[in-house]
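Engineer: Below you'll find entry26.txt; it's compact mmCIF, C-alpha atoms and all ligand atoms.
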# COMPACT_ATOMS: atom_id res chain seq x y z
CA MET A 1 63.07 91.31 45.91
CA VAL A 2 62.87 94.74 44.35
CA ALA A 3 65.23 97.58 45.07
CA GLY A 4 63.38 100.29 46.93
CA THR A 5 59.99 98.75 46.70
CA THR A 6 58.90 95.42 48.02
CA GLY A 7 60.48 92.44 49.63
CA THR A 8 59.40 89.00 50.77
CA ILE A 9 60.74 86.49 53.17
CA GLY A 10 59.34 83.07 52.62
CA ALA A 11 58.35 81.89 56.08
CA THR A 12 54.58 82.22 56.21
CA GLY A 13 53.75 79.67 58.86
CA LYS A 14 51.17 77.94 56.63
CA PRO A 15 50.58 74.44 57.97
CA SER A 16 50.79 72.62 54.63
CA PRO A 17 50.65 73.21 50.88
CA PRO A 18 47.34 72.64 49.07
CA LYS A 19 46.89 69.73 46.67
CA THR A 20 47.90 70.27 43.06
CA THR A 21 45.29 69.46 40.44
CA GLY A 22 44.62 69.98 36.73
CA GLU A 23 47.31 70.93 34.23
CA PHE A 24 49.73 71.94 36.93
CA ALA A 25 49.74 68.44 38.40
CA LYS A 26 52.37 67.82 35.67
CA LEU A 27 54.79 69.51 38.05
CA SER A 28 54.16 66.61 40.46
CA ALA A 29 55.46 67.26 43.97
CA ILE A 30 56.28 70.92 43.41
CA GLU A 31 52.83 72.11 44.47
CA PRO A 32 52.34 75.24 42.37
CA TRP A 33 49.72 77.58 43.65
CA ALA A 34 49.54 81.31 43.19
CA THR A 35 49.41 83.70 46.11
CA LEU A 36 50.67 86.85 44.37
CA LEU A 37 49.70 88.40 41.06
CA VAL A 38 52.06 91.26 40.19
CA LEU A 39 50.51 93.64 37.67
CA GLN A 40 52.34 96.45 35.93
CA ALA A 41 49.76 99.17 35.32
CA SER A 42 52.57 101.17 33.66
CA PRO A 43 56.38 100.95 33.65
CA PHE A 44 56.55 104.70 34.28
CA CYS A 45 58.01 106.14 37.46
CA ASN A 46 57.89 109.86 38.27
CA ILE A 47 61.24 109.78 40.08
CA ASN A 48 64.61 108.30 39.17
CA CYS A 49 66.26 106.36 42.03
CA ASP A 50 69.82 105.47 41.11
CA TYR A 51 69.55 101.90 42.47
CA CYS A 52 66.38 101.06 40.53
CA TYR A 53 66.59 97.98 38.27
CA LEU A 54 63.62 98.83 36.01
CA PRO A 55 64.82 99.50 32.45
CA ASN A 56 61.71 101.23 30.95
CA ARG A 57 60.69 103.62 33.69
CA THR A 58 60.32 106.58 31.33
CA SER A 59 57.69 104.77 29.26
CA THR A 60 54.14 105.99 29.91
CA ARG A 61 52.55 102.92 28.29
CA ARG A 62 49.51 101.62 30.22
CA MET A 63 47.99 98.18 30.57
CA SER A 64 44.80 97.86 28.53
CA MET A 65 41.60 96.62 30.14
CA GLN A 66 41.70 93.71 27.69
CA VAL A 67 45.10 92.63 29.01
CA LEU A 68 43.94 93.08 32.59
CA ALA A 69 40.76 91.03 32.08
CA SER A 70 42.78 88.26 30.40
CA ALA A 71 45.32 88.20 33.22
CA ILE A 72 42.57 87.79 35.82
CA GLU A 73 40.57 85.25 33.81
CA LYS A 74 43.65 83.13 33.11
CA THR A 75 44.86 83.25 36.68
CA TYR A 76 41.55 81.83 37.90
CA ALA A 77 41.00 79.49 34.92
CA SER A 78 44.38 77.89 35.60
CA ASP A 79 43.15 76.53 38.95
CA LEU A 80 46.20 78.08 40.60
CA VAL A 81 44.34 80.13 43.19
CA ARG A 82 43.29 78.26 46.33
CA GLY A 83 42.29 81.09 48.64
CA GLU A 84 43.29 84.70 48.99
CA LEU A 85 45.07 86.27 46.01
CA THR A 86 47.06 89.44 46.55
CA ILE A 87 47.34 91.72 43.53
CA ILE A 88 50.40 93.93 43.80
CA TRP A 89 50.41 96.93 41.48
CA HIS A 90 54.08 97.24 40.81
CA ALA A 91 57.08 97.52 38.43
CA GLY A 92 56.61 101.27 37.96
CA GLU A 93 55.16 103.89 40.32
CA PRO A 94 51.53 102.76 40.70
CA LEU A 95 50.25 106.24 41.60
CA ALA A 96 51.65 107.69 38.36
CA VAL A 97 48.60 106.15 36.67
CA PRO A 98 45.39 108.17 37.23
CA ILE A 99 42.70 107.18 39.73
CA SER A 100 40.20 106.96 36.87
CA TRP A 101 42.30 104.16 35.33
CA TYR A 102 42.24 102.21 38.61
CA GLU A 103 38.48 102.75 38.99
CA GLU A 104 38.02 101.10 35.60
CA ALA A 105 40.61 98.43 36.43
CA LEU A 106 38.93 97.40 39.69
CA ALA A 107 35.56 97.21 37.93
CA THR A 108 37.18 95.06 35.20
CA ILE A 109 38.69 92.73 37.80
CA SER A 110 35.40 92.27 39.61
CA VAL A 111 33.77 91.19 36.33
CA ALA A 112 36.66 88.94 35.22
CA ALA A 113 37.20 87.17 38.57
CA PRO A 114 34.84 84.49 39.90
CA SER A 115 32.19 85.81 42.28
CA GLN A 116 33.74 84.00 45.26
CA ALA A 117 37.24 85.33 44.54
CA ASN A 118 39.06 86.71 47.57
CA ILE A 119 41.31 89.47 46.20
CA VAL A 120 43.39 91.91 48.21
CA HIS A 121 44.95 94.90 46.46
CA SER A 122 48.32 96.23 47.45
CA ILE A 123 50.55 99.08 46.29
CA GLN A 124 54.14 99.92 47.08
CA SER A 125 54.64 103.60 46.31
CA ASN A 126 57.32 106.25 46.51
CA GLY A 127 54.59 108.33 48.19
CA THR A 128 55.36 111.54 46.33
CA LEU A 129 52.07 111.63 44.40
CA LEU A 130 49.75 110.90 47.32
CA ASN A 131 46.96 113.43 47.78
CA GLN A 132 43.54 113.46 49.42
CA ARG A 133 41.86 111.94 46.35
CA TRP A 134 44.27 108.99 46.46
CA CYS A 135 43.66 108.58 50.19
CA ASP A 136 39.89 108.50 49.59
CA PHE A 137 40.37 105.90 46.84
CA ILE A 138 42.68 103.76 49.00
CA LYS A 139 40.19 103.81 51.87
CA ARG A 140 37.20 103.12 49.61
CA HIS A 141 38.84 99.98 48.20
CA ASP A 142 40.69 98.91 51.35
CA ILE A 143 44.05 98.87 49.54
CA ARG A 144 47.17 97.88 51.46
CA VAL A 145 49.88 100.51 51.21
CA GLY A 146 53.63 100.45 51.52
CA LEU A 147 55.89 103.47 51.17
CA SER A 148 59.51 103.47 50.07
CA ILE A 149 61.46 105.85 52.31
CA ASP A 150 65.12 105.30 53.12
CA GLY A 151 65.21 107.19 56.44
CA PRO A 152 66.19 110.80 57.18
CA ASP A 153 66.56 113.21 54.24
CA PHE A 154 70.36 113.10 54.17
CA LEU A 155 70.20 109.35 53.39
CA HIS A 156 66.98 109.20 51.34
CA ASP A 157 67.94 112.07 49.03
CA LEU A 158 71.30 110.52 48.18
CA HIS A 159 69.60 107.98 45.92
CA ARG A 160 65.88 108.73 45.62
CA LYS A 161 66.01 111.75 43.32
CA THR A 162 63.67 113.39 40.85
CA ARG A 163 64.65 113.48 37.17
CA ARG A 164 65.95 117.01 37.77
CA GLY A 165 68.28 115.64 40.43
CA ASP A 166 66.44 117.03 43.48
CA GLY A 167 65.72 114.93 46.53
CA SER A 168 62.24 113.37 46.88
CA HIS A 169 62.21 113.13 50.69
CA ARG A 170 60.01 116.11 51.39
CA ALA A 171 57.31 114.94 48.96
CA ALA A 172 57.47 111.36 50.29
CA MET A 173 57.06 112.57 53.89
CA ARG A 174 54.10 114.71 52.85
CA GLY A 175 52.55 111.50 51.51
CA LEU A 176 53.29 109.66 54.75
CA GLN A 177 51.63 112.43 56.76
CA LEU A 178 48.53 112.28 54.55
CA LEU A 179 48.22 108.53 55.22
CA LYS A 180 48.46 109.18 58.95
CA ASP A 181 45.92 112.04 58.79
CA ASN A 182 43.53 109.68 57.00
CA HIS A 183 44.15 106.80 59.45
CA ILE A 184 45.32 104.57 56.60
CA PRO A 185 47.58 101.77 57.89
CA PHE A 186 50.87 101.45 56.02
CA HIS A 187 54.32 99.94 56.21
CA VAL A 188 57.63 101.40 55.06
CA ILE A 189 60.45 99.72 53.19
CA ALA A 190 63.87 101.33 53.47
CA VAL A 191 66.73 100.47 51.16
CA ILE A 192 69.99 100.14 53.05
CA THR A 193 73.04 101.29 51.15
CA GLY A 194 76.66 101.62 52.24
CA GLU A 195 76.03 105.22 53.34
CA ALA A 196 73.32 104.12 55.81
CA LEU A 197 75.45 101.62 57.70
CA GLY A 198 76.78 103.93 60.41
CA HIS A 199 73.35 105.48 61.02
CA ALA A 200 71.21 102.67 62.41
CA ARG A 201 70.22 104.57 65.55
CA GLU A 202 69.30 107.70 63.57
CA ILE A 203 67.25 105.62 61.15
CA TYR A 204 65.33 103.99 63.99
CA ASP A 205 64.78 107.37 65.70
CA PHE A 206 63.61 108.91 62.45
CA PHE A 207 60.99 106.26 61.71
CA GLU A 208 59.80 106.18 65.31
CA THR A 209 59.30 109.95 65.31
CA ALA A 210 57.52 109.71 61.94
CA GLY A 211 55.00 107.28 63.47
CA VAL A 212 56.02 104.29 61.35
CA GLU A 213 54.93 101.07 63.05
CA ARG A 214 55.98 98.46 60.47
CA LEU A 215 59.35 98.68 58.77
CA GLY A 216 61.31 96.39 56.44
CA PHE A 217 64.84 96.74 55.16
CA ASN A 218 65.82 95.91 51.61
CA ILE A 219 69.55 95.72 51.29
CA GLU A 220 70.80 97.36 48.12
CA GLU A 221 70.74 94.46 45.69
CA VAL A 222 72.62 93.65 42.49
CA GLU A 223 69.89 93.34 39.88
CA ALA A 224 69.60 93.89 36.14
CA GLU A 225 70.53 97.51 35.34
CA HIS A 226 71.82 97.98 38.88
CA ALA A 227 75.01 95.93 38.58
CA VAL A 228 76.97 97.04 41.67
CA SER A 229 75.91 97.30 45.31
CA THR A 230 77.59 99.63 47.79
CA LEU A 231 77.28 96.73 50.27
CA GLY A 232 79.61 94.40 48.36
CA ALA A 233 82.61 92.51 49.73
CA GLY A 234 84.11 93.80 52.96
CA HIS A 235 80.93 95.25 54.48
CA GLU A 236 79.73 92.19 56.36
CA GLU A 237 80.68 93.27 59.89
CA ARG A 238 79.22 96.76 59.39
CA VAL A 239 75.96 95.31 58.08
CA ARG A 240 75.80 92.99 61.10
CA GLN A 241 76.38 95.95 63.41
CA PHE A 242 73.61 97.84 61.64
CA TYR A 243 71.10 95.04 62.14
CA GLN A 244 72.22 94.49 65.75
CA THR A 245 71.65 98.17 66.60
CA ILE A 246 68.23 98.15 64.95
CA PHE A 247 67.35 94.93 66.81
CA GLU A 248 68.39 96.31 70.19
CA ASN A 249 66.40 99.49 69.66
CA GLN A 250 63.23 97.71 68.58
CA LYS A 251 63.54 95.30 71.49
CA ARG A 252 64.08 98.02 74.07
CA ARG A 253 61.60 100.55 72.70
CA GLY A 254 59.01 98.24 71.10
CA SER A 255 57.69 101.03 68.89
CA ILE A 256 58.37 99.49 65.46
CA THR A 257 57.92 95.95 64.16
CA ILE A 258 60.90 95.14 61.95
CA ARG A 259 59.93 92.72 59.17
CA GLU A 260 63.18 90.75 59.13
CA PHE A 261 63.20 90.09 62.88
CA ALA A 262 59.47 89.40 63.06
CA ALA A 263 59.78 86.82 60.25
CA ALA A 264 62.74 85.16 61.94
CA GLU A 265 61.00 84.98 65.29
CA GLN A 266 57.77 83.68 63.76
CA LYS A 267 59.64 80.94 61.94
CA ILE A 268 61.66 79.92 64.99
CA ARG A 269 58.64 79.84 67.26
CA SER A 270 56.43 78.03 64.70
CA GLY A 271 58.75 75.03 64.89
CA ILE A 272 58.21 74.41 61.15
CA SER A 273 61.34 73.03 59.57
CA LEU A 274 62.13 71.42 56.27
CA ARG A 275 64.04 68.23 55.88
CA GLU A 276 66.75 68.19 53.26
CA PHE A 277 64.51 66.57 50.65
CA ASP A 278 61.38 68.70 51.22
CA PHE A 279 60.39 71.23 48.57
CA PRO A 280 60.33 74.71 50.17
CA TRP A 281 56.64 75.28 49.40
CA PHE A 282 56.46 78.40 51.61
CA ASN A 283 58.92 80.29 49.38
CA GLU A 284 56.80 81.66 46.57
CA GLN A 285 59.87 82.95 44.71
CA VAL A 286 60.98 79.39 43.88
CA ARG A 287 57.52 77.82 43.61
CA PRO A 288 56.46 77.74 39.94
CA PHE A 289 53.55 80.18 39.52
CA GLY A 290 53.62 81.04 43.23
CA ILE A 291 54.07 84.58 41.93
CA VAL A 292 52.61 85.39 38.52
CA SER A 293 53.92 88.62 36.99
CA VAL A 294 52.21 90.33 34.06
CA ASP A 295 53.64 93.44 32.40
CA SER A 296 51.65 96.28 30.85
CA GLU A 297 51.61 94.51 27.48
CA GLY A 298 50.42 91.17 28.85
CA ASN A 299 53.73 89.29 28.86
CA PHE A 300 53.93 86.95 31.84
CA SER A 301 56.52 85.08 33.88
CA THR A 302 56.90 83.57 37.30
CA TYR A 303 59.48 83.25 40.11
CA SER A 304 61.09 86.56 41.19
CA PRO A 305 58.97 89.35 39.63
CA GLU A 306 61.97 91.46 38.66
CA LEU A 307 63.02 88.80 36.13
CA LEU A 308 60.05 89.49 33.84
CA GLY A 309 61.18 90.64 30.41
CA MET A 310 64.88 90.64 31.28
CA SER A 311 67.36 89.21 28.83
CA LEU A 312 68.96 86.28 30.69
CA GLN A 313 71.31 83.71 29.22
CA PRO A 314 70.62 80.87 28.43
CA TYR A 315 66.86 81.57 28.50
CA GLY A 316 66.68 84.67 26.32
CA GLU A 317 63.85 87.02 27.25
CA PHE A 318 62.47 85.85 30.61
CA CYS A 319 58.83 85.63 29.60
CA PHE A 320 56.74 82.50 29.15
CA GLY A 321 53.89 83.85 27.04
CA ASN A 322 51.28 86.58 26.76
CA VAL A 323 47.94 86.53 28.53
CA LEU A 324 46.17 87.65 25.35
CA ARG A 325 46.97 84.38 23.59
CA ASP A 326 48.47 81.87 26.04
CA HIS A 327 47.33 80.03 29.14
CA PHE A 328 49.78 79.80 32.03
CA ALA A 329 49.78 76.01 31.74
CA ASP A 330 50.99 76.30 28.10
CA ALA A 331 54.32 77.49 29.49
CA LEU A 332 54.95 74.17 31.20
CA GLU A 333 55.88 72.43 27.96
CA THR A 334 58.19 75.11 26.59
CA PRO A 335 61.97 74.44 26.60
CA LYS A 336 62.55 77.82 28.24
CA PHE A 337 60.28 77.03 31.18
CA ARG A 338 61.68 73.49 31.57
CA GLN A 339 65.25 74.84 31.57
CA ALA A 340 64.45 77.54 34.17
CA LEU A 341 62.56 75.03 36.30
CA ALA A 342 65.45 72.55 36.19
CA ASP A 343 68.03 75.22 37.06
CA ILE A 344 65.97 76.59 39.94
CA GLN A 345 65.45 73.04 41.19
CA THR A 346 69.21 72.47 41.11
CA GLY A 347 69.69 75.69 43.09
CA ILE A 348 67.16 74.49 45.67
CA LYS A 349 68.90 71.12 45.94
CA ARG A 350 72.30 72.76 46.42
CA CYS A 351 70.91 75.08 49.09
CA ALA A 352 69.29 72.10 50.83
CA GLU A 353 72.55 70.14 50.79
CA THR A 354 74.89 72.90 51.86
CA CYS A 355 73.11 75.61 53.82
CA PRO A 356 72.08 75.31 57.48
CA TYR A 357 69.52 78.09 56.92
CA TYR A 358 67.61 76.18 54.23
CA GLY A 359 64.71 75.15 56.47
CA TYR A 360 64.06 78.78 57.29
CA CYS A 361 64.93 80.42 53.98
CA GLY A 362 63.68 77.89 51.43
CA ALA A 363 66.39 78.57 48.86
CA GLY A 364 66.20 82.32 48.53
CA ALA A 365 65.47 84.40 45.45
CA PRO A 366 66.27 83.20 41.91
CA ALA A 367 66.80 86.80 40.74
CA ASN A 368 69.56 87.40 43.27
CA LYS A 369 71.18 84.06 42.50
CA TYR A 370 71.20 84.88 38.80
CA TYR A 371 72.48 88.44 39.07
CA GLU A 372 75.08 87.75 41.75
CA ASN A 373 76.26 84.25 40.82
CA GLY A 374 75.33 84.08 37.14
CA SER A 375 73.01 81.11 37.57
CA PHE A 376 69.74 79.99 39.20
CA ALA A 377 71.59 76.75 39.99
CA SER A 378 73.62 78.37 42.74
CA THR A 379 73.42 79.08 46.45
CA GLN A 380 74.56 81.93 48.66
CA THR A 381 74.15 85.58 47.70
CA LEU A 382 74.70 88.94 49.32
CA TYR A 383 70.94 89.16 49.62
CA CYS A 384 70.53 85.92 51.54
CA ARG A 385 73.55 86.59 53.73
CA TYR A 386 72.26 90.02 54.74
CA ALA A 387 68.47 89.69 54.56
CA VAL A 388 68.00 86.11 55.73
CA GLN A 389 70.99 84.71 57.62
CA MET A 390 72.03 87.75 59.68
CA PRO A 391 68.58 88.63 61.07
CA LEU A 392 67.98 84.98 61.95
CA ASP A 393 71.36 84.75 63.74
CA ILE A 394 70.58 87.89 65.75
CA VAL A 395 67.15 86.65 66.83
CA LEU A 396 68.49 83.17 67.63
CA ASN A 397 71.35 84.59 69.70
CA ASP A 398 68.89 86.71 71.61
CA ILE A 399 66.58 83.77 72.34
CA GLU A 400 69.51 81.60 73.40
CA SER A 401 70.90 84.30 75.68
CA ALA A 402 67.50 84.69 77.34
CA LEU A 403 67.30 80.93 77.89
CA ASN A 404 70.78 80.84 79.43
CA LEU A 405 69.82 83.60 81.81
CA THR A 406 66.78 81.78 83.08
CA THR A 407 68.34 78.31 83.57
S1 LIG B 1 72.36 79.65 50.67
FE1 LIG B 1 71.11 81.50 50.91
S2 LIG B 1 69.43 81.15 49.48
FE2 LIG B 1 70.31 79.15 49.90
S3 LIG B 1 69.10 78.34 51.65
FE3 LIG B 1 70.96 79.35 52.44
S4 LIG B 1 70.24 81.38 53.02
FE4 LIG B 1 68.77 80.54 51.56
Kindly transcribe the structure held in the file into structure tokens.
Structural biologist:
Amino acid sequence: MVAGTTGTIGATGKPSPPKTTGEFAKLSAIEPWATLLVLQASPFCNINCDYCYLPNRTSTRRMSMQVLASAIEKTYASDLVRGELTIIWHAGEPLAVPISWYEEALATISVAAPSQANIVHSIQSNGTLLNQRWCDFIKRHDIRVGLSIDGPDFLHDLHRKTRRGDGSHRAAMRGLQLLKDNHIPFHVIAVITGEALGHAREIYDFFETAGVERLGFNIEEVEAEHAVSTLGAGHEERVRQFYQTIFENQKRRGSITIREFAAAEQKIRSGISLREFDFPWFNEQVRPFGIVSVDSEGNFSTYSPELLGMSLQPYGEFCFGNVLRDHFADALETPKFRQALADIQTGIKRCAETCPYYGYCGAGAPANKYYENGSFASTQTLYCRYAVQMPLDIVLNDIESALNLTT
């Protein structure tokens, strides 16, 4: 989903989608309901990773409380929220904005949201700005935390550098240690680049020693400003070997839950499968308004969060309105939204018709389809091959081998 930060895999194991009502019933069988609200407190990031896709990460602009209140009010007024809503503070380093801003923001949200709202806050951070005051704040508000660390220093510091060109590993590990000292649960997301491929065992050892219990891998993606991945053509067998080594270590040692394998196993064991004509309701990246993204100025979009504000042909700026003046439902009638919806639908249909992984994957990520294939109306990408198909194959092979042994 986002280089170096977050990542989702669709399979959630929900038994069925909720009923669509109100304005959004115009989308008929597509069942839009929001589970994620991605808010950009500021585009600013204090470090300068070379694989980052964000174009404005030197801007210190901050979201106003008026924009924030409107985003919350419109999310709930749209009847899109049917249960828990996760707010992800993202698209910039969330901890680069002061605690005092978040104190005001959380108070604003509690006034703007309905009294029965069930909101969970989440941050994905580079960890370098964590201190005791942040830990106290995180504990006080029960905020879910993810850190972005790419493994040992010799891998992490290749790409995750400060603006002066120094590595950020030492500061990130200091942040990780503070979370542990404060008994704050966290997960880690590691970006896998070409340089990491021969080091799967060292990466596993490193995270195990660091006390990381939940780990996800984001393969280096082709997105927006980041136009080339070091994992391009010709790396498939080495990526498979990487995943296989990680899988064998986690199976034998049991010390770390790996997101990709856990998702694959959950999906396989749940027995949930889509037929060719089913809409992949569990994949919030293709479900209209499954993810609502709002930038620091109030501009909003949906689908993959990293698309917000990007200039994409034939849509122009990928933004469907501004929370200060528009309701989310207003977007439904705009030519831009209808065109994006139709193209994403075509991509889903093509995936359903051609890909044996469709029932598990649910048609992938529109952002990756656009940046790798030039169109939402397309199918396979590097991302889905590496992040969806390979982990599923490895888990399936393992389950099948175990069955053969016992029969
Ligand atoms: S082609 Fe890729 S995105 Fe499409 S269903 Fe298959 S794995 Fe998913």
Engineer: Report, in Å to a single decimal, how far apart atom CA of Tyr360 of chain A and atom CA of Ile192 of chain A are.
Structural biologist: 22.6 Å
Engineer: Pick from A:Asp153, A:Glu221, A:Asp398, A:Glu333: nearest to Ala367 of chain A, with only C-alpha atoms counted?
Structural biologist: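 That would be A:Glu221, the residue with the smallest distance to Ala367 of chain A.
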Engineer: For the contact check between chain A and ligand LIG 1 (chain B), emit one row per residue of chain A within 12 Å, containing the shortest atom pair and the distance in Å rounded to one decimal, counting only C-alpha atoms and all ligand atoms, chain then rising number order, as a tab-separated table.
Structural biologist:
residue	atom	partner	partner_atom	distance
A:Ile9	CA	B:LIG1	FE4	10.1
A:Gly10	CA	B:LIG1	FE4	9.8
A:Ala11	CA	B:LIG1	FE4	11.4
A:Leu274	CA	B:LIG1	S3	10.9
A:Glu276	CA	B:LIG1	S3	10.5
A:Phe279	CA	B:LIG1	S3	11.7
A:Pro280	CA	B:LIG1	S3	9.6
A:Asn283	CA	B:LIG1	FE4	10.1
A:Gln285	CA	B:LIG1	S2	10.8
A:Val286	CA	B:LIG1	S2	10.3
A:Ile344	CA	B:LIG1	S2	11.1
A:Gln345	CA	B:LIG1	FE2	11.7
A:Thr346	CA	B:LIG1	FE2	11.1
A:Gly347	CA	B:LIG1	FE2	7.7
A:Ile348	CA	B:LIG1	FE2	7.0
A:Lys349	CA	B:LIG1	FE2	9.1
A:Arg350	CA	B:LIG1	FE2	7.5
A:Cys351	CA	B:LIG1	FE2	4.2
A:Ala352	CA	B:LIG1	S3	6.3
A:Glu353	CA	B:LIG1	S3	8.9
A:Thr354	CA	B:LIG1	S1	7.3
A:Cys355	CA	B:LIG1	FE3	4.5
A:Pro356	CA	B:LIG1	FE3	6.6
A:Tyr357	CA	B:LIG1	FE3	4.9
A:Tyr358	CA	B:LIG1	S3	3.7
A:Gly359	CA	B:LIG1	S3	7.3
A:Tyr360	CA	B:LIG1	S3	7.6
A:Cys361	CA	B:LIG1	FE4	4.5
A:Gly362	CA	B:LIG1	S3	5.4
A:Ala363	CA	B:LIG1	S3	3.9
A:Gly364	CA	B:LIG1	S2	3.6
A:Ala365	CA	B:LIG1	S2	6.5
A:Pro366	CA	B:LIG1	S2	8.5
A:Ala367	CA	B:LIG1	S2	10.7
A:Asn368	CA	B:LIG1	S2	8.8
A:Lys369	CA	B:LIG1	S2	7.8
A:Tyr370	CA	B:LIG1	S2	11.5
A:Glu372	CA	B:LIG1	S2	11.6
A:Asn373	CA	B:LIG1	S2	11.5
A:Phe376	CA	B:LIG1	S2	10.3
A:Ala377	CA	B:LIG1	FE2	10.3
A:Ser378	CA	B:LIG1	FE2	7.9
A:Thr379	CA	B:LIG1	S1	4.4
A:Gln380	CA	B:LIG1	S1	3.8
A:Thr381	CA	B:LIG1	FE1	6.0
A:Leu382	CA	B:LIG1	FE1	8.4
A:Tyr383	CA	B:LIG1	FE1	7.8
A:Cys384	CA	B:LIG1	FE1	4.5
A:Arg385	CA	B:LIG1	S4	6.2
A:Tyr386	CA	B:LIG1	S4	9.0
A:Ala387	CA	B:LIG1	S4	8.6
A:Val388	CA	B:LIG1	S4	5.9
A:Gln389	CA	B:LIG1	S4	5.7
A:Met390	CA	B:LIG1	S4	9.4
A:Pro391	CA	B:LIG1	S4	11.0
A:Leu392	CA	B:LIG1	S4	9.9
A:Asp393	CA	B:LIG1	S4	11.3
Engineer: At a cut-off of 10 Å around the point (53.3, 103.9, 53.8) (file coordinates), what residues fall inside when counting all atoms listed in the file? I'd like the answer as a PDB file with C-alpha atoms, in the frame of the given file.
Structural biologist:
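Output file out_24.pdb is given in full below:
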ATOM      1  CA  ILE A 123      50.550  99.080  46.290  1.00  0.00           C
ATOM      2  CA  GLN A 124      54.140  99.920  47.080  1.00  0.00           C
ATOM      3  CA  SER A 125      54.640 103.600  46.310  1.00  0.00           C
ATOM      4  CA  ASN A 126      57.320 106.250  46.510  1.00  0.00           C
ATOM      5  CA  GLY A 127      54.590 108.330  48.190  1.00  0.00           C
ATOM      6  CA  ARG A 144      47.170  97.880  51.460  1.00  0.00           C
ATOM      7  CA  VAL A 145      49.880 100.510  51.210  1.00  0.00           C
ATOM      8  CA  GLY A 146      53.630 100.450  51.520  1.00  0.00           C
ATOM      9  CA  LEU A 147      55.890 103.470  51.170  1.00  0.00           C
ATOM     10  CA  SER A 148      59.510 103.470  50.070  1.00  0.00           C
ATOM     11  CA  ILE A 149      61.460 105.850  52.310  1.00  0.00           C
ATOM     12  CA  ALA A 172      57.470 111.360  50.290  1.00  0.00           C
ATOM     13  CA  MET A 173      57.060 112.570  53.890  1.00  0.00           C
ATOM     14  CA  GLY A 175      52.550 111.500  51.510  1.00  0.00           C
ATOM     15  CA  LEU A 176      53.290 109.660  54.750  1.00  0.00           C
ATOM     16  CA  GLN A 177      51.630 112.430  56.760  1.00  0.00           C
ATOM     17  CA  LEU A 178      48.530 112.280  54.550  1.00  0.00           C
ATOM     18  CA  LEU A 179      48.220 108.530  55.220  1.00  0.00           C
ATOM     19  CA  LYS A 180      48.460 109.180  58.950  1.00  0.00           C
ATOM     20  CA  ILE A 184      45.320 104.570  56.600  1.00  0.00           C
ATOM     21  CA  PRO A 185      47.580 101.770  57.890  1.00  0.00           C
ATOM     22  CA  PHE A 186      50.870 101.450  56.020  1.00  0.00           C
ATOM     23  CA  HIS A 187      54.320  99.940  56.210  1.00  0.00           C
ATOM     24  CA  VAL A 188      57.630 101.400  55.060  1.00  0.00           C
ATOM     25  CA  ILE A 189      60.450  99.720  53.190  1.00  0.00           C
ATOM     26  CA  VAL A 212      56.020 104.290  61.350  1.00  0.00           C
ATOM     27  CA  GLU A 213      54.930 101.070  63.050  1.00  0.00           C
ATOM     28  CA  ARG A 214      55.980  98.460  60.470  1.00  0.00           C
ATOM     29  CA  LEU A 215      59.350  98.680  58.770  1.00  0.00           C
TER      30      LEU A 215
END
Engineer: Using all atoms listed in the file, can you tell me which of A:Gln132, A:Gln266, A:Ser78, A:Ser255 comes closest to Val395 of chain A?
Structural biologist: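 Using all atoms listed in the file, Val395 of chain A sits closest to A:Gln266.
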Engineer: Within 10 Å of Leu396 of chain A, counting all atoms listed in the file, which residues show up once you throw out same-chain ones fewer than 5 positions away? Write them as a list in words, please.
Structural biologist: Phe261, Ala264, Glu265, Ile268, Met390, Pro391, Ser401 and Ala402 of chain A
Engineer: Would you kindly identify which residues have an atom no farther than 9 Å from (51.9, 89.0, 42.3), using only C-alpha atoms and the file's own coordinates, and write them out as a list in words?
Structural biologist: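 Residues with an atom at most 9 Å from (51.9, 89.0, 42.3): Ala34, Thr35, Leu36, Leu37, Val38, Leu39, Leu85, Thr86, Ile87, Ile88, Trp89, His90, Gly290, Ile291, Val292, Ser293, Val294, Thr302 and Pro305 of chain A.
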Engineer: Pick out the closest residue to Ser100 of chain A from this set: A:Phe137, A:Arg163, A:Ile143, A:Leu158. Count all atoms listed in the file.
Structural biologist: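 Among A:Phe137, A:Arg163, A:Ile143, A:Leu158, it is A:Phe137 that comes nearest to Ser100 of chain A.
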Engineer: Using atom CA of Trp134 of chain A and atom CA of Ser110 of chain A as the two end points, give the distance in Å to one decimal.
Structural biologist: 20.1 Å
Engineer: State, in Å with one decimal place, the distance from atom CA of Asp157 of chain A to atom CA of Thr230 of chain A.
Structural biologist: 15.8 Å
Engineer: Show me, as a compact mmCIF listing (two decimals) with C-alpha atoms, keeping the file's coordinate frame, the residues that have an atom within 12 Å of Met310 of chain A when counting all atoms listed in the file, minus same-chain residues fewer than 2 positions from it.
Structural biologist:
# COMPACT_ATOMS: atom_id res chain seq x y z
CA TYR A 53 66.59 97.98 38.27
CA LEU A 54 63.62 98.83 36.01
CA PRO A 55 64.82 99.50 32.45
CA ASN A 56 61.71 101.23 30.95
CA GLU A 223 69.89 93.34 39.88
CA ALA A 224 69.60 93.89 36.14
CA GLU A 225 70.53 97.51 35.34
CA ASP A 295 53.64 93.44 32.40
CA ASN A 299 53.73 89.29 28.86
CA PHE A 300 53.93 86.95 31.84
CA SER A 301 56.52 85.08 33.88
CA SER A 304 61.09 86.56 41.19
CA PRO A 305 58.97 89.35 39.63
CA GLU A 306 61.97 91.46 38.66
CA LEU A 307 63.02 88.80 36.13
CA LEU A 308 60.05 89.49 33.84
CA LEU A 312 68.96 86.28 30.69
CA GLN A 313 71.31 83.71 29.22
CA PRO A 314 70.62 80.87 28.43
CA TYR A 315 66.86 81.57 28.50
CA GLY A 316 66.68 84.67 26.32
CA GLU A 317 63.85 87.02 27.25
CA PHE A 318 62.47 85.85 30.61
CA CYS A 319 58.83 85.63 29.60
CA PHE A 320 56.74 82.50 29.15
CA ALA A 367 66.80 86.80 40.74
CA TYR A 370 71.20 84.88 38.80
CA TYR A 371 72.48 88.44 39.07
